[in-house]
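*Asks:* Dropping in entry-v2.txt, which is compact mmCIF, C-alpha atoms and all ligand atoms:
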```txt
# COMPACT_ATOMS: atom_id res chain seq x y z
CA MET A 3 129.00 62.82 125.26
CA SER A 4 129.86 62.01 128.87
CA PRO A 5 133.48 60.97 129.59
CA THR A 6 132.29 57.48 130.67
CA THR A 7 130.40 56.86 127.42
CA ALA A 8 132.08 54.48 124.97
CA ILE A 9 132.46 55.33 121.27
CA ASP A 10 129.26 53.38 120.50
CA GLY A 11 127.25 55.45 122.99
CA ASN A 12 127.04 52.55 125.47
CA SER A 13 127.76 53.83 128.98
CA ASN A 14 126.92 50.46 130.58
CA PRO A 15 129.61 47.85 129.80
CA ASN A 16 127.18 45.02 130.71
CA LYS A 17 124.49 46.14 128.26
CA LYS A 18 124.46 44.59 124.81
CA PHE A 19 122.45 46.10 121.99
CA LYS A 20 120.24 43.82 119.92
CA VAL A 21 119.65 44.74 116.27
CA THR A 22 116.60 43.94 114.11
CA VAL A 23 116.20 44.98 110.48
CA VAL A 24 112.58 45.55 109.46
CA GLY A 25 112.65 44.90 105.71
CA SER A 26 114.44 42.47 103.42
CA GLY A 27 114.35 43.91 99.90
CA ASN A 28 117.45 44.84 97.93
CA TRP A 29 118.79 47.48 100.36
CA GLY A 30 117.27 45.79 103.40
CA SER A 31 119.24 42.61 102.68
CA VAL A 32 122.49 44.53 102.08
CA ALA A 33 121.97 46.49 105.31
CA ALA A 34 121.44 43.21 107.23
CA LYS A 35 124.64 41.76 105.73
CA LEU A 36 126.66 44.85 106.61
CA LEU A 37 125.24 45.07 110.14
CA GLY A 38 125.71 41.34 110.70
CA SER A 39 129.38 41.52 109.82
CA ASN A 40 129.81 44.45 112.25
CA THR A 41 127.90 42.94 115.19
CA LEU A 42 130.33 40.00 115.08
CA LYS A 43 133.21 42.44 115.57
CA LEU A 44 131.67 44.89 118.07
CA SER A 45 131.53 43.68 121.67
CA SER A 46 128.57 45.83 122.72
CA PHE A 47 126.20 44.23 120.20
CA HIS A 48 124.63 40.77 120.20
CA ASP A 49 125.97 38.73 117.28
CA GLU A 50 122.56 37.88 115.83
CA VAL A 51 120.82 40.31 113.49
CA ARG A 52 117.18 39.43 112.98
CA MET A 53 115.65 40.43 109.63
CA TRP A 54 111.89 40.66 109.19
CA VAL A 55 110.84 39.22 105.82
CA PHE A 56 107.53 40.03 104.12
CA GLU A 57 106.85 36.35 103.44
CA GLU A 58 106.29 35.14 99.92
CA THR A 59 106.29 31.84 98.09
CA LEU A 60 108.98 31.40 95.44
CA PRO A 61 108.28 29.77 92.03
CA SER A 62 109.90 26.60 93.51
CA GLY A 63 107.04 26.46 96.03
CA GLU A 64 109.42 27.21 98.95
CA LYS A 65 108.97 30.07 101.42
CA LEU A 66 111.47 32.90 100.95
CA THR A 67 112.30 32.88 104.68
CA ASP A 68 113.13 29.16 104.65
CA VAL A 69 115.44 29.62 101.67
CA ILE A 70 117.22 32.59 103.27
CA ASN A 71 117.81 30.64 106.48
CA ARG A 72 118.93 27.50 104.63
CA ASP A 73 121.15 29.09 101.95
CA ASN A 74 122.07 32.27 103.83
CA GLU A 75 121.06 34.24 100.73
CA ASN A 76 118.04 36.35 99.73
CA VAL A 77 117.65 34.65 96.37
CA LYS A 78 114.88 37.00 95.25
CA TYR A 79 116.11 40.47 96.24
CA LEU A 80 119.90 40.01 96.53
CA PRO A 81 120.92 36.88 94.61
CA GLY A 82 124.53 35.77 94.68
CA ILE A 83 125.46 37.42 98.01
CA LYS A 84 125.84 35.58 101.31
CA LEU A 85 124.30 37.47 104.22
CA GLY A 86 126.35 35.93 107.05
CA ARG A 87 125.19 33.05 109.25
CA ASN A 88 124.23 35.39 112.10
CA VAL A 89 121.54 37.08 109.95
CA VAL A 90 118.29 35.25 110.76
CA ALA A 91 115.19 35.75 108.62
CA ASP A 92 111.88 35.93 110.51
CA PRO A 93 108.45 36.20 108.83
CA ASP A 94 106.75 37.20 112.12
CA LEU A 95 107.00 41.00 112.44
CA VAL A 96 106.17 41.22 116.14
CA ASN A 97 108.51 38.36 117.05
CA ALA A 98 111.30 39.93 115.00
CA VAL A 99 111.22 43.23 116.93
CA LYS A 100 110.29 42.09 120.43
CA ASP A 101 113.80 41.82 121.93
CA ALA A 102 115.51 44.48 119.84
CA ASN A 103 116.64 47.82 121.19
CA MET A 104 118.09 48.96 117.86
CA LEU A 105 115.51 48.90 115.06
CA VAL A 106 116.54 49.50 111.46
CA PHE A 107 113.56 50.30 109.19
CA VAL A 108 114.14 49.67 105.47
CA THR A 109 111.01 48.88 103.46
CA PRO A 110 109.46 50.74 100.53
CA HIS A 111 107.84 53.81 102.11
CA GLN A 112 104.28 52.98 101.02
CA PHE A 113 104.16 50.00 103.43
CA MET A 114 105.43 51.78 106.52
CA GLU A 115 102.19 53.14 107.95
CA GLY A 116 100.68 49.63 107.97
CA ILE A 117 103.85 48.15 109.48
CA CYS A 118 104.00 50.80 112.23
CA LYS A 119 100.33 50.26 113.11
CA LYS A 120 101.05 46.53 113.60
CA LEU A 121 103.96 47.43 115.89
CA VAL A 122 102.15 49.84 118.23
CA GLY A 123 102.82 48.64 121.78
CA LYS A 124 105.08 45.82 120.53
CA VAL A 125 108.53 47.42 120.58
CA ARG A 126 110.72 47.94 123.62
CA SER A 127 110.21 51.34 125.22
CA ASP A 128 114.01 51.85 125.32
CA ALA A 129 114.44 51.03 121.62
CA GLU A 130 116.18 53.43 119.25
CA ALA A 131 115.20 53.45 115.58
CA ILE A 132 116.84 54.46 112.33
CA SER A 133 115.09 54.78 108.97
CA LEU A 134 116.87 53.98 105.70
CA ILE A 135 113.61 54.62 103.83
CA LYS A 136 113.52 57.25 101.10
CA GLY A 137 109.97 58.60 100.99
CA MET A 138 107.22 60.40 102.88
CA GLU A 139 103.48 60.32 103.57
CA VAL A 140 101.15 63.24 102.93
CA LYS A 141 98.52 63.94 105.60
CA MET A 142 95.84 66.64 105.80
CA GLU A 143 98.27 68.77 107.83
CA GLY A 144 101.05 68.38 105.24
CA PRO A 145 104.02 66.08 104.63
CA CYS A 146 104.92 63.52 107.29
CA MET A 147 108.44 62.14 107.06
CA ILE A 148 108.81 58.39 107.66
CA SER A 149 111.07 59.01 110.68
CA SER A 150 108.26 61.10 112.23
CA LEU A 151 105.71 58.40 111.46
CA ILE A 152 107.92 55.86 113.30
CA SER A 153 108.53 58.22 116.23
CA GLU A 154 104.90 59.23 116.58
CA LEU A 155 103.31 55.80 116.21
CA LEU A 156 105.89 53.82 118.20
CA GLY A 157 106.88 56.48 120.73
CA ILE A 158 110.62 56.06 120.11
CA ASN A 159 113.43 58.30 118.86
CA CYS A 160 114.27 57.84 115.16
CA CYS A 161 117.41 58.84 113.25
CA VAL A 162 117.81 58.45 109.47
CA LEU A 163 120.58 57.11 107.24
CA MET A 164 120.68 58.22 103.60
CA GLY A 165 123.41 58.52 100.99
CA ALA A 166 124.76 57.62 97.57
CA ASN A 167 124.03 53.97 98.25
CA ILE A 168 123.06 51.79 95.32
CA ALA A 169 122.60 48.56 97.26
CA ASN A 170 124.12 46.12 94.75
CA GLU A 171 127.41 48.07 94.83
CA ILE A 172 127.59 48.07 98.64
CA ALA A 173 126.77 44.34 98.60
CA LYS A 174 130.02 43.89 96.65
CA GLU A 175 131.81 46.06 99.22
CA MET A 176 132.63 48.87 96.80
CA PHE A 177 133.59 52.12 98.55
CA SER A 178 130.78 54.54 99.38
CA GLU A 179 129.64 57.08 101.95
CA ALA A 180 126.44 57.73 103.90
CA THR A 181 124.98 60.37 106.21
CA VAL A 182 123.18 59.80 109.51
CA GLY A 183 120.71 62.56 110.39
CA TYR A 184 119.90 62.95 114.07
CA ARG A 185 117.96 65.21 116.42
CA GLU A 186 119.66 66.30 119.68
CA HIS A 187 121.12 62.96 120.84
CA ARG A 188 124.65 62.95 119.48
CA GLU A 189 125.60 59.81 121.45
CA VAL A 190 122.81 57.81 119.77
CA ALA A 191 123.93 59.03 116.34
CA GLU A 192 127.47 57.90 117.20
CA ARG A 193 126.17 54.43 118.09
CA TRP A 194 124.50 54.20 114.66
CA VAL A 195 127.64 55.48 112.92
CA ASN A 196 129.69 52.86 114.76
CA LEU A 197 127.24 50.08 113.91
CA PHE A 198 127.13 50.92 110.17
CA SER A 199 130.75 51.95 109.51
CA THR A 200 133.15 49.69 107.65
CA THR A 201 136.32 50.35 105.69
CA TYR A 202 134.21 50.48 102.51
CA PHE A 203 131.16 52.27 104.01
CA ILE A 204 132.09 55.62 105.53
CA VAL A 205 129.35 57.16 107.66
CA SER A 206 129.18 60.65 109.17
CA ALA A 207 126.47 62.33 111.24
CA VAL A 208 124.73 65.71 110.94
CA GLU A 209 122.14 67.23 113.27
CA ASP A 210 119.45 67.64 110.60
CA VAL A 211 116.99 64.73 110.41
CA GLU A 212 114.56 66.46 108.05
CA GLY A 213 117.28 67.78 105.72
CA VAL A 214 118.90 64.35 105.35
CA GLU A 215 115.55 62.56 104.91
CA LEU A 216 114.19 65.07 102.40
CA CYS A 217 117.38 64.79 100.32
CA GLY A 218 116.93 61.01 100.11
CA THR A 219 113.23 61.35 99.37
CA LEU A 220 113.22 64.14 96.78
CA LYS A 221 116.18 62.92 94.71
CA ASN A 222 113.94 60.07 93.51
CA VAL A 223 111.72 62.62 91.72
CA VAL A 224 114.75 64.17 90.01
CA ALA A 225 115.91 60.65 89.04
CA LEU A 226 112.69 60.19 87.06
CA ALA A 227 113.42 63.43 85.20
CA ALA A 228 116.96 62.19 84.46
CA GLY A 229 115.49 58.94 83.15
CA PHE A 230 113.11 60.80 80.82
CA VAL A 231 116.09 62.76 79.44
CA ASP A 232 118.04 59.53 78.88
CA GLY A 233 115.05 57.83 77.26
CA LEU A 234 114.76 60.74 74.83
CA ASP A 235 118.54 60.64 74.09
CA MET A 236 118.92 64.27 75.06
CA GLY A 237 122.55 64.06 76.15
CA ASN A 238 124.73 64.87 79.11
CA ASN A 239 124.32 68.65 79.20
CA THR A 240 120.56 68.33 79.43
CA LYS A 241 120.86 65.72 82.15
CA ALA A 242 123.26 67.92 84.12
CA ALA A 243 120.84 70.84 83.79
CA ILE A 244 117.99 68.68 85.09
CA MET A 245 120.13 67.61 88.05
CA ARG A 246 121.03 71.23 88.87
CA ILE A 247 117.43 72.42 88.65
CA GLY A 248 116.34 69.37 90.63
CA LEU A 249 118.86 70.04 93.39
CA ARG A 250 117.64 73.62 93.61
CA GLU A 251 114.02 72.49 93.93
CA MET A 252 115.03 69.92 96.55
CA ARG A 253 116.67 72.64 98.63
CA VAL A 254 113.83 75.16 98.31
CA PHE A 255 111.12 72.56 99.05
CA SER A 256 113.01 71.21 102.07
CA LYS A 257 113.57 74.66 103.54
CA LEU A 258 109.97 75.69 103.01
CA MET A 259 108.77 72.53 104.76
CA PHE A 260 111.26 72.72 107.65
CA SER A 261 113.04 75.99 108.37
CA SER A 262 115.62 74.01 110.40
CA VAL A 263 117.04 72.35 107.27
CA LYS A 264 120.71 73.27 106.79
CA ASP A 265 122.33 74.21 103.47
CA ASN A 266 125.43 72.15 104.29
CA THR A 267 123.35 68.96 104.36
CA PHE A 268 123.01 69.22 100.56
CA PHE A 269 126.80 68.81 100.25
CA GLU A 270 126.86 65.58 102.28
CA SER A 271 126.55 62.09 100.77
CA CYS A 272 122.78 62.25 101.31
CA GLY A 273 122.56 65.35 99.10
CA VAL A 274 124.46 65.97 95.91
CA ALA A 275 126.20 62.56 95.92
CA ASP A 276 122.96 60.57 96.18
CA LEU A 277 121.40 62.76 93.50
CA ILE A 278 124.28 61.99 91.13
CA THR A 279 124.39 58.22 91.72
CA THR A 280 120.61 57.88 91.43
CA CYS A 281 120.49 59.88 88.20
CA LEU A 282 123.30 57.71 86.78
CA GLY A 283 122.53 54.22 88.01
CA GLY A 284 119.31 53.94 90.04
CA ARG A 285 116.10 52.00 89.45
CA ASN A 286 113.97 55.15 89.17
CA ARG A 287 116.19 56.41 86.35
CA LYS A 288 116.15 53.04 84.61
CA VAL A 289 112.36 52.63 84.58
CA ALA A 290 111.78 56.30 83.63
CA ASP A 291 114.16 55.80 80.68
CA ALA A 292 112.00 52.85 79.50
CA PHE A 293 108.82 54.89 80.09
CA ALA A 294 110.11 57.68 77.80
CA ARG A 295 111.36 55.23 75.15
CA ASN A 296 107.82 53.82 75.03
CA GLY A 297 106.44 57.35 74.56
CA GLY A 298 104.63 57.13 77.90
CA LYS A 299 102.34 54.44 76.47
CA ARG A 300 103.24 51.77 79.04
CA SER A 301 102.50 52.66 82.66
CA PHE A 302 105.09 52.82 85.43
CA ASP A 303 103.27 50.00 87.27
CA GLU A 304 103.58 47.74 84.24
CA LEU A 305 107.25 48.60 83.64
CA GLU A 306 108.13 48.27 87.34
CA ALA A 307 106.63 44.76 87.50
CA GLU A 308 108.42 43.73 84.29
CA MET A 309 111.81 45.30 84.96
CA LEU A 310 112.30 45.07 88.75
CA GLN A 311 110.94 41.59 89.69
CA GLY A 312 109.29 42.65 92.94
CA GLN A 313 111.54 45.59 93.81
CA LYS A 314 109.66 48.87 94.21
CA LEU A 315 110.11 52.36 92.79
CA GLN A 316 109.77 55.25 95.21
CA GLY A 317 109.92 58.16 92.75
CA VAL A 318 106.47 57.93 91.16
CA SER A 319 104.55 57.95 94.43
CA THR A 320 106.89 60.58 95.87
CA ALA A 321 106.26 62.82 92.83
CA LYS A 322 102.52 62.46 93.51
CA GLU A 323 102.98 63.21 97.20
CA VAL A 324 105.11 66.28 96.47
CA TYR A 325 102.52 67.42 93.90
CA GLU A 326 99.76 67.13 96.54
CA VAL A 327 101.74 69.39 98.86
CA LEU A 328 102.43 71.88 96.06
CA SER A 329 98.84 72.01 94.82
CA LYS A 330 97.42 72.46 98.35
CA ARG A 331 99.68 75.49 98.73
CA GLY A 332 99.39 76.80 95.14
CA TRP A 333 103.15 76.37 94.64
CA GLN A 334 103.24 74.42 91.34
CA GLU A 335 104.81 77.33 89.45
CA LEU A 336 107.61 77.57 92.00
CA PHE A 337 108.53 73.91 91.40
CA PRO A 338 108.24 73.35 87.64
CA LEU A 339 110.49 70.28 87.58
CA PHE A 340 108.69 68.45 90.41
CA THR A 341 105.30 69.41 88.92
CA THR A 342 106.21 68.32 85.39
CA VAL A 343 107.65 64.97 86.54
CA HIS A 344 104.33 64.12 88.20
CA GLU A 345 102.29 65.23 85.19
CA ILE A 346 104.44 63.11 82.86
CA SER A 347 104.31 60.08 85.14
CA ILE A 348 100.48 60.08 85.18
CA GLY A 349 100.29 60.61 81.40
CA ARG A 350 98.97 64.17 81.50
CA LEU A 351 102.07 65.45 79.64
CA PRO A 352 104.40 63.66 77.18
CA PRO A 353 107.96 62.79 78.34
CA SER A 354 109.36 65.57 76.10
CA ALA A 355 107.68 68.13 78.40
CA ILE A 356 110.58 67.58 80.82
CA VAL A 357 112.56 70.29 79.01
CA GLU A 358 109.73 72.30 77.47
CA TYR A 359 108.59 73.73 80.80
CA SER A 360 111.92 75.53 81.16
CA GLU A 361 110.86 78.30 78.72
CA HIS A 362 108.52 79.68 81.35
CA THR A 363 110.44 78.56 84.42
CA PRO A 364 110.56 81.26 87.06
CA ASN A 365 113.82 81.72 88.93
CA PHE A 366 113.39 81.91 92.63
CA SER A 367 115.38 82.08 95.83
CA LEU A 368 114.69 81.71 99.51
CA VAL A 369 114.30 84.90 101.49
CA GLU A 370 113.62 84.40 105.19
CA GLY A 371 112.07 80.99 104.68
CA SER A 372 109.67 81.86 101.85
CA ALA A 373 110.16 81.47 98.11
CA GLN A 374 110.81 84.69 96.20
CA TYR A 375 111.46 85.30 92.52
CA TYR A 376 114.70 86.87 91.44
N1 LIG A 401 117.86 49.34 96.64
C1 LIG A 401 118.66 50.38 96.81
O1 LIG A 401 119.68 50.51 96.10
C2 LIG A 401 118.37 51.38 97.87
C3 LIG A 401 119.42 52.16 98.36
C4 LIG A 401 119.20 53.12 99.34
C5 LIG A 401 117.91 53.26 99.84
N2 LIG A 401 116.90 52.49 99.37
C6 LIG A 401 115.57 52.69 99.98
O2 LIG A 401 115.31 51.61 100.89
C7 LIG A 401 113.90 51.37 100.96
C8 LIG A 401 113.66 49.89 100.75
O3 LIG A 401 114.12 49.53 99.46
P1 LIG A 401 114.67 48.07 99.11
O4 LIG A 401 115.57 48.29 97.93
O5 LIG A 401 115.24 47.41 100.31
O6 LIG A 401 113.33 47.28 98.71
P2 LIG A 401 112.97 46.59 97.29
O7 LIG A 401 112.35 47.60 96.40
O8 LIG A 401 114.15 45.85 96.77
O9 LIG A 401 111.97 45.45 97.69
C9 LIG A 401 110.63 45.56 97.92
C10 LIG A 401 110.37 44.97 99.30
O10 LIG A 401 109.01 45.24 99.66
C11 LIG A 401 108.47 44.06 100.25
N3 LIG A 401 107.03 44.10 100.15
C12 LIG A 401 106.24 43.86 99.07
N4 LIG A 401 104.94 44.00 99.41
C13 LIG A 401 104.93 44.36 100.71
C14 LIG A 401 103.88 44.67 101.64
N5 LIG A 401 102.60 44.66 101.26
N6 LIG A 401 104.22 45.01 102.90
C15 LIG A 401 105.51 45.05 103.28
N7 LIG A 401 106.55 44.77 102.46
C16 LIG A 401 106.25 44.43 101.19
C17 LIG A 401 109.12 42.94 99.47
O11 LIG A 401 109.01 41.73 100.17
C18 LIG A 401 110.55 43.44 99.38
O12 LIG A 401 111.26 43.10 100.55
C19 LIG A 401 113.26 52.29 99.91
O13 LIG A 401 112.76 53.44 100.55
C20 LIG A 401 114.41 52.67 99.00
O14 LIG A 401 114.25 53.95 98.41
C21 LIG A 401 117.10 51.54 98.42
O1 LIG A 402 117.52 52.54 92.69
P1 LIG A 402 116.85 53.77 93.24
O2 LIG A 402 116.47 54.74 92.16
O3 LIG A 402 115.72 53.41 94.16
O4 LIG A 402 117.95 54.51 94.12
C1 LIG A 402 118.72 53.74 95.00
C2 LIG A 402 119.36 54.56 96.09
O5 LIG A 402 118.44 55.40 96.71
C3 LIG A 402 120.59 55.30 95.64
O6 LIG A 402 121.22 55.88 96.77
```
Represent the supplied structure as structure tokens.
*Replies:*
Amino acid sequence: MSPTTAIDGNSNPNKKFKVTVVGSGNWGSVAAKLLGSNTLKLSSFHDEVRMWVFEETLPSGEKLTDVINRDNENVKYLPGIKLGRNVVADPDLVNAVKDANMLVFVTPHQFMEGICKKLVGKVRSDAEAISLIKGMEVKMEGPCMISSLISELLGINCCVLMGANIANEIAKEMFSEATVGYREHREVAERWVNLFSTTYFIVSAVEDVEGVELCGTLKNVVALAAGFVDGLDMGNNTKAAIMRIGLREMRVFSKLMFSSVKDNTFFESCGVADLITTCLGGRNRKVADAFARNGGKRSFDELEAEMLQGQKLQGVSTAKEVYEVLSKRGWQELFPLFTTVHEISIGRLPPSAIVEYSEHTPNFSLVEGSAQYY
């Protein structure tokens, strides 16, 4: 960082950063609230935070955007919490991003490719992005992290922010931590840390975009396994074992995909802490619990629609995406937990298989970037 650069990475005292949040679900709305309260306090940011809303009509016949702007509350995805008057909902994606030089992406991962394609050529060339999205795409060449999708399609740098962050708790300003992952540009990471930090939301930065993003992405698969265990009333020891095995598979998978991934990242909020909170209190765990209690007879799609009222699970599609990567490489046996979670979620195996696979689980370690048995 140069000596003339301020703590927020702004070396030009006349330049003000303008923030737009792309997404307005449960976490998207909480992020907009948190950012809106900070932009009012930080002199190098414009007060207004624009929030792109995927427009929908409420049962009352009103548009969600109109209700958010009138009542200052996202009544569908974050009821009971005021967002702050400087958070402005906008149903027009291109209009929402056009003036922003700090773009916060926070939608379910399955919608991001379509969103990015609509934004090609529409964002400022000097914009910086951050992704709060836990998920990935799988292409012919292999996995494509959402931050890479944003960077490649929009031609802008993209950091990530992940952590033990159940949105409804942060909305109530309960203490938690998060991790920013960045590549090379420390001063940009510091600007994001400054923009997100509050007394109840403690953010730190590590130079490991892929490690941070894969932690946030893969823990959702382990959360499904934890939910199956809960739904089968298997107890705390079993759940702890699933979390340990899951963490190990997260680390091995991440390091096989990106040799740059650092072991220490797994000890940050984005790693072990997010795994724990998701396996205790997340939506993936909750719906997987119901799936197991129904003996796998009701699909995840059906349960998601019934239990989450429009909110989206990330774990089921991530388990499928991870499985595609594993099967292309012939690695299923190296990742028995990830493989079994996918096979249970599509009904190929019963929920009880979540512990049965362990009888023939190979132990493995990483030696010079490749998986080896030990
Ligand atoms: N909710 C949490 O506690 C939490 C915490 C940390 C990270 N995350 C991550 O943040 C990301 C966003 O999750 P969320 O909780 O804000 O969303 P959500 O699951 O609460 O809401 C779903 C959102 O998707 C939108 N949507 C529906 N159809 C769409 C379409 N066709 N195109 C675009 N958008 C559409 C809805 O309008 C809604 O805003 C996910 O990757 C999630 O894993 C969530
Ligand atoms: O509710 P989940 O399972 O989508 O998890 C929410 C967050 O990712 C927890 O950090």
*Asks:* Give the residue list for ligand LIG 401 (chain A) at 6 Å, counting all atoms listed in the file, as a ChimeraX atom specification, sorted by chain and then by residue number.
*Replies:* /A:25-30,56,79,108-111,113,134-137,167-169,312-314,316
*Asks:* Quick one: residues within 9 Å of ligand LIG 402 (chain A), with only C-alpha atoms and all ligand atoms, as a ChimeraX atom specification?
*Replies:* /A:29,135-136,164-169,218-219,221-222,225-226,272,275-281,283-289,313-317
*Asks:* Using only C-alpha atoms, find the one residue out of A:Val106, A:Ile346, A:Met259, A:Val318 that sits nearest to Lys299 of chain A.
*Replies:*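 Closest residue, counting only C-alpha atoms: A:Ile346.
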*Asks:* Looking at A:Val205, A:Val274, A:Val122, A:Ala33, which one is nearest to Ser178 of chain A, with distances taken over all atoms listed in the file?
*Replies:* A:Val205
*Asks:* For each of A:Ala207, A:Leu305, A:Val21, A:Val182, take the minimum atom-to-atom distance to Asp101 of chain A, counting only C-alpha atoms, then give the residue where this is smallest.
*Replies:*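 The closest residue to Asp101 of chain A is A:Val21.
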*Asks:* Report, as lines of an AutoDock Vina configuration file, the axis-aligned box around all atoms of segment 101-115 of chain A present in the file, extended by 6 Å on each side; give centre and edge lengths in Å to one decimal place.
*Replies:*
```
center_x = 110.1
center_y = 47.8
center_z = 111.2
size_x = 27.9
size_y = 24.0
size_z = 33.4
```
*Asks:* Between A:Thr41, A:Ala34, A:Ser262, A:Asp94, which is the closest to Thr67 of chain A once you count all atoms listed in the file?
*Replies:*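 So, comparing all the options, the nearest one is A:Asp94.
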*Asks:* Dig up all the protein and nucleic acid residues within 9 Å of (121.1, 39.1, 120.1) in the file frame, using only C-alpha atoms, and format them as number ranges by chain.
*Replies:* A: 18-22, 47-52, 101-102
*Asks:* Go through A:Glu209, A:Ala292, A:Tyr202, A:Asn266 and flag the residue nearest Glu189 of chain A, using all atoms listed in the file for the distances.
*Replies:*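 Among A:Glu209, A:Ala292, A:Tyr202, A:Asn266, it is A:Glu209 that comes nearest to Glu189 of chain A.
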*Asks:* With distances taken over all atoms listed in the file, which residue among A:Ala173, A:Leu216, A:Val324, A:Leu37 lies nearest Pro81 of chain A?
*Replies:*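 Between A:Ala173, A:Leu216, A:Val324, A:Leu37, the residue approaching Pro81 of chain A most closely is A:Ala173.
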*Asks:* Rounded to one decimal in Å, what is the spacing between atom CA of Ser127 of chain A and atom CA of Phe260 of chain A?
*Replies:*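 Between atom CA of Ser127 of chain A and atom CA of Phe260 of chain A the gap is 27.7 Å.
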